[in-house]
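This is start-v1.cif. It holds mmCIF, C-alpha atoms.
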data_my_file
loop_
_atom_site.label_atom_id
_atom_site.label_comp_id
_atom_site.auth_asym_id
_atom_site.auth_seq_id
_atom_site.Cartn_x
_atom_site.Cartn_y
_atom_site.Cartn_z
CA MET A 28 36.93 39.02 -28.27
CA SER A 29 34.83 40.66 -31.01
CA ALA A 30 32.74 37.54 -31.68
CA ALA A 31 31.99 37.07 -27.99
CA PHE A 32 31.10 40.75 -27.70
CA GLY A 33 28.73 40.45 -30.64
CA ASP A 34 26.98 37.58 -28.87
CA GLN A 35 26.27 39.93 -25.97
CA LEU A 36 24.62 42.49 -28.26
CA ASP A 37 22.43 39.82 -29.85
CA ALA A 38 21.11 38.92 -26.41
CA VAL A 39 20.12 42.44 -25.34
CA ASP A 40 16.37 41.78 -25.31
CA GLN A 41 16.55 38.26 -23.92
CA SER A 42 17.07 36.83 -20.48
CA ASP A 43 20.20 34.81 -19.86
CA ASP A 44 18.37 31.55 -20.60
CA GLY A 45 17.50 32.83 -24.10
CA GLY A 46 13.85 33.56 -23.27
CA PRO A 47 11.97 36.83 -22.87
CA GLY A 48 13.53 39.59 -20.78
CA PHE A 49 13.31 39.63 -17.01
CA SER A 50 9.89 40.53 -15.52
CA PRO A 51 8.02 40.84 -18.84
CA TYR A 52 4.78 41.75 -17.00
CA ALA A 53 6.27 44.50 -14.81
CA ARG A 54 4.10 47.18 -16.42
CA GLU A 55 1.00 45.36 -15.18
CA PHE A 56 1.89 46.37 -11.61
CA PRO A 57 1.10 50.09 -11.05
CA ARG A 58 3.79 50.66 -8.43
CA ILE A 59 6.51 49.06 -10.55
CA SER A 60 5.32 50.87 -13.66
CA ALA A 61 5.49 54.19 -11.79
CA ALA A 62 9.01 53.36 -10.57
CA LEU A 63 10.12 52.61 -14.13
CA ASP A 64 8.73 55.95 -15.31
CA ALA A 65 10.43 57.77 -12.43
CA VAL A 66 13.90 56.35 -13.03
CA ARG A 67 13.65 57.04 -16.77
CA GLU A 68 12.77 60.67 -16.12
CA GLN A 69 15.77 61.33 -13.87
CA SER A 70 17.73 64.30 -15.18
CA GLN A 71 21.09 62.63 -14.64
CA SER A 72 21.34 59.50 -16.79
CA PRO A 73 23.25 56.47 -15.47
CA THR A 74 26.89 56.65 -16.51
CA VAL A 75 29.28 53.82 -17.30
CA PRO A 76 32.40 54.22 -15.11
CA THR A 77 35.97 53.74 -16.30
CA PRO A 78 37.30 50.17 -16.49
CA THR A 79 39.53 50.88 -13.48
CA ALA A 80 36.57 52.08 -11.40
CA LEU A 81 34.56 49.00 -12.40
CA VAL A 82 37.37 46.63 -11.40
CA ASN A 83 37.76 48.44 -8.07
CA SER A 84 34.00 48.01 -7.49
CA GLY A 85 34.21 44.25 -7.97
CA LEU A 86 33.48 43.72 -11.67
CA ASP A 87 36.71 41.83 -12.24
CA TYR A 88 38.17 38.64 -13.67
CA LEU A 89 37.95 36.64 -10.44
CA HIS A 90 34.20 37.24 -10.02
CA SER A 91 33.47 36.37 -13.66
CA ASN A 92 32.65 33.04 -15.27
CA LEU A 93 36.12 32.85 -16.81
CA PRO A 94 37.84 30.95 -13.96
CA GLY A 95 35.20 28.22 -14.50
CA ARG A 96 34.97 27.72 -10.77
CA SER A 97 32.82 24.99 -9.23
CA PRO A 98 31.25 25.81 -5.85
CA LEU A 99 33.69 25.85 -2.96
CA ALA A 100 32.75 24.50 0.46
CA TYR A 101 30.16 26.82 2.00
CA ASN A 102 31.84 29.55 4.04
CA ALA A 103 29.53 32.23 5.40
CA GLN A 104 32.46 34.65 5.63
CA GLY A 105 33.18 34.36 1.90
CA TYR A 106 36.46 33.71 0.15
CA ASP A 107 39.59 35.55 -0.88
CA LEU A 108 39.26 34.68 -4.57
CA ALA A 109 42.83 35.68 -5.41
CA ALA A 110 44.20 33.38 -2.71
CA GLU A 111 42.01 30.54 -3.99
CA PHE A 112 43.21 31.08 -7.56
CA LEU A 113 46.87 31.15 -6.49
CA LYS A 114 46.56 27.71 -4.93
CA GLU A 115 46.75 26.25 -8.43
CA HIS A 116 48.18 29.09 -10.55
CA SER A 117 51.02 31.59 -10.50
CA GLU A 118 50.86 35.30 -9.76
CA THR A 119 52.12 35.94 -13.29
CA GLU A 120 49.23 33.99 -14.78
CA LEU A 121 46.72 35.89 -12.65
CA ALA A 122 48.24 39.21 -13.67
CA MET A 123 48.00 38.29 -17.35
CA LEU A 124 44.38 37.19 -17.00
CA ASN A 125 43.51 40.40 -15.17
CA LEU A 126 45.05 42.45 -17.99
CA GLU A 127 43.16 40.46 -20.60
CA PHE A 128 39.90 40.94 -18.72
CA GLU A 129 40.48 44.69 -18.53
CA GLN A 130 40.48 44.71 -22.33
CA TYR A 131 37.05 43.08 -22.27
CA LEU A 132 35.95 45.83 -19.91
CA VAL A 133 37.35 48.51 -22.21
CA ALA A 134 35.35 47.02 -25.08
CA ALA A 135 32.19 46.93 -22.96
CA THR A 136 32.58 50.54 -21.84
CA GLU A 137 33.31 51.87 -25.32
CA SER A 138 30.59 49.98 -27.22
CA PRO A 139 26.80 49.69 -26.82
CA ALA A 140 26.87 46.70 -24.49
CA PRO A 141 23.90 45.83 -22.27
CA ILE A 142 24.06 47.65 -18.94
CA VAL A 143 22.80 46.90 -15.44
CA VAL A 144 21.66 49.72 -13.13
CA LEU A 145 20.86 49.44 -9.43
CA HIS A 146 18.17 51.85 -8.20
CA SER A 147 18.92 52.30 -4.53
CA PRO A 148 20.26 55.08 -2.27
CA THR A 149 23.23 52.78 -1.64
CA ALA A 150 23.94 52.23 -5.35
CA PRO A 151 27.44 53.15 -6.56
CA VAL A 152 27.81 56.53 -8.25
CA PHE A 153 30.40 57.78 -10.70
CA ARG A 154 31.57 61.31 -11.42
CA PRO A 155 32.84 61.54 -15.01
CA HIS A 156 36.06 63.43 -15.62
CA MET A 157 35.54 66.80 -17.24
CA PRO A 158 38.04 69.20 -18.84
CA VAL A 159 39.05 71.94 -16.40
CA ASN A 160 37.32 74.67 -18.43
CA LEU A 161 33.98 72.82 -18.18
CA GLY A 162 33.94 72.57 -14.40
CA VAL A 163 33.04 69.56 -12.27
CA ALA A 164 30.56 66.97 -13.52
CA GLU A 165 27.60 65.95 -11.41
CA PRO A 166 27.78 62.39 -10.01
CA ALA A 167 25.48 59.87 -11.67
CA LEU A 168 24.34 56.34 -10.92
CA ALA A 169 26.96 53.88 -12.08
CA ALA A 170 25.77 51.75 -14.99
CA TRP A 171 27.62 48.44 -15.05
CA PRO A 172 28.19 47.05 -18.55
CA VAL A 173 28.06 43.30 -19.22
CA PRO A 174 31.57 42.38 -20.40
CA TYR A 175 32.72 39.13 -21.92
CA GLY A 176 32.87 36.56 -19.13
CA TYR A 177 29.69 37.80 -17.48
CA SER A 178 25.96 37.39 -18.04
CA ARG A 179 23.44 40.07 -17.12
CA LEU A 180 22.20 37.81 -14.34
CA ARG A 181 25.70 37.43 -12.93
CA VAL A 182 26.25 41.19 -12.96
CA ALA A 183 22.88 41.58 -11.21
CA HIS A 184 23.90 39.12 -8.49
CA LEU A 185 27.25 40.85 -7.95
CA LEU A 186 25.85 44.40 -7.99
CA SER A 187 22.99 43.46 -5.66
CA TRP A 188 25.19 41.65 -3.16
CA ALA A 189 27.73 44.46 -3.07
CA PHE A 190 25.42 47.49 -2.93
CA ALA A 191 21.68 46.67 -2.46
CA ARG A 192 21.34 47.61 1.21
CA CYS A 193 17.97 49.42 1.17
CA CYS A 194 14.51 48.48 -0.14
CA HIS A 195 13.51 50.65 -3.09
CA TRP A 196 9.84 50.55 -2.10
CA CYS A 197 9.88 51.48 1.59
CA ASP A 198 13.46 52.47 2.52
CA THR A 199 13.80 49.51 4.89
CA TRP A 200 17.48 48.68 5.39
CA SER A 201 19.03 45.27 5.68
CA GLU A 202 18.95 44.08 9.29
CA ILE A 203 22.50 42.74 8.96
CA THR A 204 25.17 45.41 8.68
CA GLY A 205 27.07 45.17 5.42
CA ARG A 206 24.65 42.68 3.87
CA ALA A 207 22.21 43.10 1.00
CA ILE A 208 18.46 43.50 1.44
CA ASP A 209 16.47 40.26 1.02
CA PHE A 210 15.62 40.30 -2.71
CA THR A 211 16.19 42.24 -5.91
CA LEU A 212 13.57 42.68 -8.63
CA LEU A 213 15.04 42.51 -12.15
CA VAL A 214 13.25 44.35 -14.97
CA SER A 215 14.49 44.31 -18.57
CA CYS A 216 14.09 47.64 -20.38
CA GLY A 217 15.66 47.02 -23.78
CA GLY A 218 19.41 47.16 -23.36
CA VAL A 219 19.10 48.21 -19.69
CA LEU A 220 18.50 45.74 -16.88
CA ARG A 221 17.09 47.69 -13.93
CA LEU A 222 17.47 46.38 -10.38
CA PHE A 223 15.10 47.29 -7.56
CA PRO A 224 16.14 46.04 -4.10
CA THR A 225 13.10 44.61 -2.34
CA CYS A 226 12.44 43.68 1.29
CA THR A 227 10.57 40.50 2.20
CA ASP A 228 7.32 42.34 2.99
CA HIS A 229 7.21 43.96 -0.44
CA ARG A 230 8.24 40.76 -2.18
CA MET A 231 5.27 39.07 -0.53
CA GLN A 232 2.97 41.91 -1.62
CA PHE A 233 4.09 41.57 -5.23
CA ASP A 234 3.65 37.80 -5.04
CA ARG A 235 0.10 38.26 -3.78
CA ASP A 236 -0.63 40.74 -6.58
CA SER A 237 0.61 38.26 -9.20
CA GLY A 238 -1.21 35.33 -7.61
CA LYS A 239 1.93 33.39 -6.66
CA PRO A 240 5.74 33.61 -6.73
CA ASP A 241 6.50 33.26 -10.45
CA ASN A 242 9.73 34.42 -12.08
CA SER A 243 8.05 34.35 -15.49
CA ILE A 244 5.93 37.29 -14.29
CA LEU A 245 8.25 39.17 -11.93
CA TYR A 246 11.87 38.00 -11.71
CA PHE A 247 13.49 38.18 -8.27
CA ILE A 248 16.92 37.08 -7.17
CA THR A 249 17.53 36.17 -3.54
CA ASN A 250 20.35 38.03 -1.83
CA ASP A 251 21.21 35.21 0.57
CA GLY A 252 24.98 35.38 0.08
CA HIS A 253 25.17 31.93 -1.51
CA ALA A 254 27.42 33.06 -4.36
CA GLU A 255 29.77 34.86 -1.96
CA ALA A 256 29.84 31.90 0.43
CA THR A 257 30.68 29.41 -2.33
CA GLY A 258 33.37 31.49 -4.05
CA TRP A 259 31.36 32.96 -6.94
CA PRO A 260 31.13 29.75 -9.00
CA LYS A 261 30.12 29.79 -12.66
CA ASP A 262 26.60 30.80 -13.62
CA LYS A 263 24.92 27.42 -13.58
CA TYR A 264 25.48 27.26 -9.82
CA LEU A 265 24.09 30.71 -8.97
#

What do you get writing this file as structure tokens?
Amino acid sequence: MSAAFGDQLDAVDQSDDGGPGFSPYAREFPRISAALDAVREQSQSPTVPTPTALVNSGLDYLHSNLPGRSPLAYNAQGYDLAAEFLKEHSETELAMLNLEFEQYLVAATESPAPIVVLHSPTAPVFRPHMPVNLGVAEPALAAWPVPYGYSRLRVAHLLSWAFARCCHWCDTWSEITGRAIDFTLLVSCGGVLRLFPTCTDHRMQFDRDSGKPDNSILYFITNDGHAEATGWPKDKYL
């Protein structure tokens, strides 16, 4: 586990294909630059939840790369990943793999792993536990670490699909209840990957400003539900 974890730290300032970070020219766009300044100046810093809270939010073994899953037949309703796994494995094996993955999560929450933060009113929040004599902690945006078995891009896809309901730029909500807004802009900021949900109109505006759709300038993922509908296959299929 330690060697794999070290590999994650070495990749902090790179995208998941080994190149420069996501959206390396983000500061050239005044509105995005202002948004980056605003989220950095927030008084309550993003907080990494407990491993249990992360698992309950969806950052678990079954959504990771570790099952090595090829795409399943397209199903717009999505899949019960546990049921799919149990078609070829035992409940005991799944329980053991879940326990092993939780140790990877513990390592990611206790060490300086890369983190992914969603900037949206529908983003998950976490209220850290405080000793009784110190009162109740203020809730903060949940920062998802990148544990062994995940890439930053995979965490971004999962976090966006689960929680990116509202455009960061205009407060437009997804037209389909319970579904993510159309796109998410990914911006690397050192060890933090910041996610800005983006509606189609604003995606088109940014594309016009950059001259054309180009992920080497601004990196967008499409929240079309493909990963959910094909059973969250391994990264090369996302």

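Nearest to Ala140 (chain A) of all the residues A:Val214, A:Ala170, A:Ile203, A:Ala80 is A:Ala170, counting all atoms listed in the file.
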
### Task
Within 9 Å of Ser243 (chain A), counting only C-alpha atoms, which residues show up once you throw out same-chain ones fewer than 5 positions away? Write them as a list in words, please.
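Contacts, in chain order: Pro47, Phe49, Ser50, Pro51 and Tyr52 of chain A.
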
### Query
Within 12 Å of (39.3, 45.4, -19.5), in the coordinates the file gives, what residues turn up when you count only C-alpha atoms, written out as a ChimeraX atom specification?
/A:28,77-83,86-88,123-137,172-176

Using the chain letters and numbering of this document, enumerate as an mmCIF file with C-alpha atoms, keeping the file's coordinate frame the residues selected by the PyMOL selection byres ((chain A and resi 95) around 12).
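Generated file (expr_5.cif):
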data_model
loop_
_atom_site.group_PDB
_atom_site.id
_atom_site.type_symbol
_atom_site.label_atom_id
_atom_site.label_comp_id
_atom_site.auth_asym_id
_atom_site.auth_seq_id
_atom_site.Cartn_x
_atom_site.Cartn_y
_atom_site.Cartn_z
ATOM 1 C CA TYR A 88 38.170 38.640 -13.670
ATOM 2 C CA LEU A 89 37.950 36.640 -10.440
ATOM 3 C CA HIS A 90 34.200 37.240 -10.020
ATOM 4 C CA SER A 91 33.470 36.370 -13.660
ATOM 5 C CA ASN A 92 32.650 33.040 -15.270
ATOM 6 C CA LEU A 93 36.120 32.850 -16.810
ATOM 7 C CA PRO A 94 37.840 30.950 -13.960
ATOM 8 C CA ARG A 96 34.970 27.720 -10.770
ATOM 9 C CA SER A 97 32.820 24.990 -9.230
ATOM 10 C CA PRO A 98 31.250 25.810 -5.850
ATOM 11 C CA LEU A 99 33.690 25.850 -2.960
ATOM 12 C CA PHE A 112 43.210 31.080 -7.560
ATOM 13 C CA GLY A 176 32.870 36.560 -19.130
ATOM 14 C CA TYR A 177 29.690 37.800 -17.480
ATOM 15 C CA GLY A 258 33.370 31.490 -4.050
ATOM 16 C CA TRP A 259 31.360 32.960 -6.940
ATOM 17 C CA PRO A 260 31.130 29.750 -9.000
ATOM 18 C CA LYS A 261 30.120 29.790 -12.660
ATOM 19 C CA ASP A 262 26.600 30.800 -13.620
ATOM 20 C CA LYS A 263 24.920 27.420 -13.580
ATOM 21 C CA TYR A 264 25.480 27.260 -9.820
#

### Task
Decode the PyMOL selection byres ((chain A and resi 146) around 12) for the given file into explicit residues and return them as an NGL selection string.
:A and (62-63 or 65-67 or 69 or 72-73 or 143-145 or 147-152 or 167-170 or 183 or 186-187 or 190-196 or 198 or 211-214 or 220-225)

#### Entry: Separation of CA of Trp171 (chain A) from CA of Arg154 (chain A) in Å
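Answer for the CA of Arg154 (chain A) to CA of Trp171 (chain A) separation: 13.9 Å.
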
### Query
CA of Arg181 (chain A) and CA of Asp64 (chain A), how far apart in Å?
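Result for CA of Asp64 (chain A) versus CA of Arg181 (chain A): 25.2 Å, one decimal.
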
### Query
What does the distance between CA of Ala100 (chain A) and CA of Ala207 (chain A) come to in Å, to one decimal place?
21.4 Å
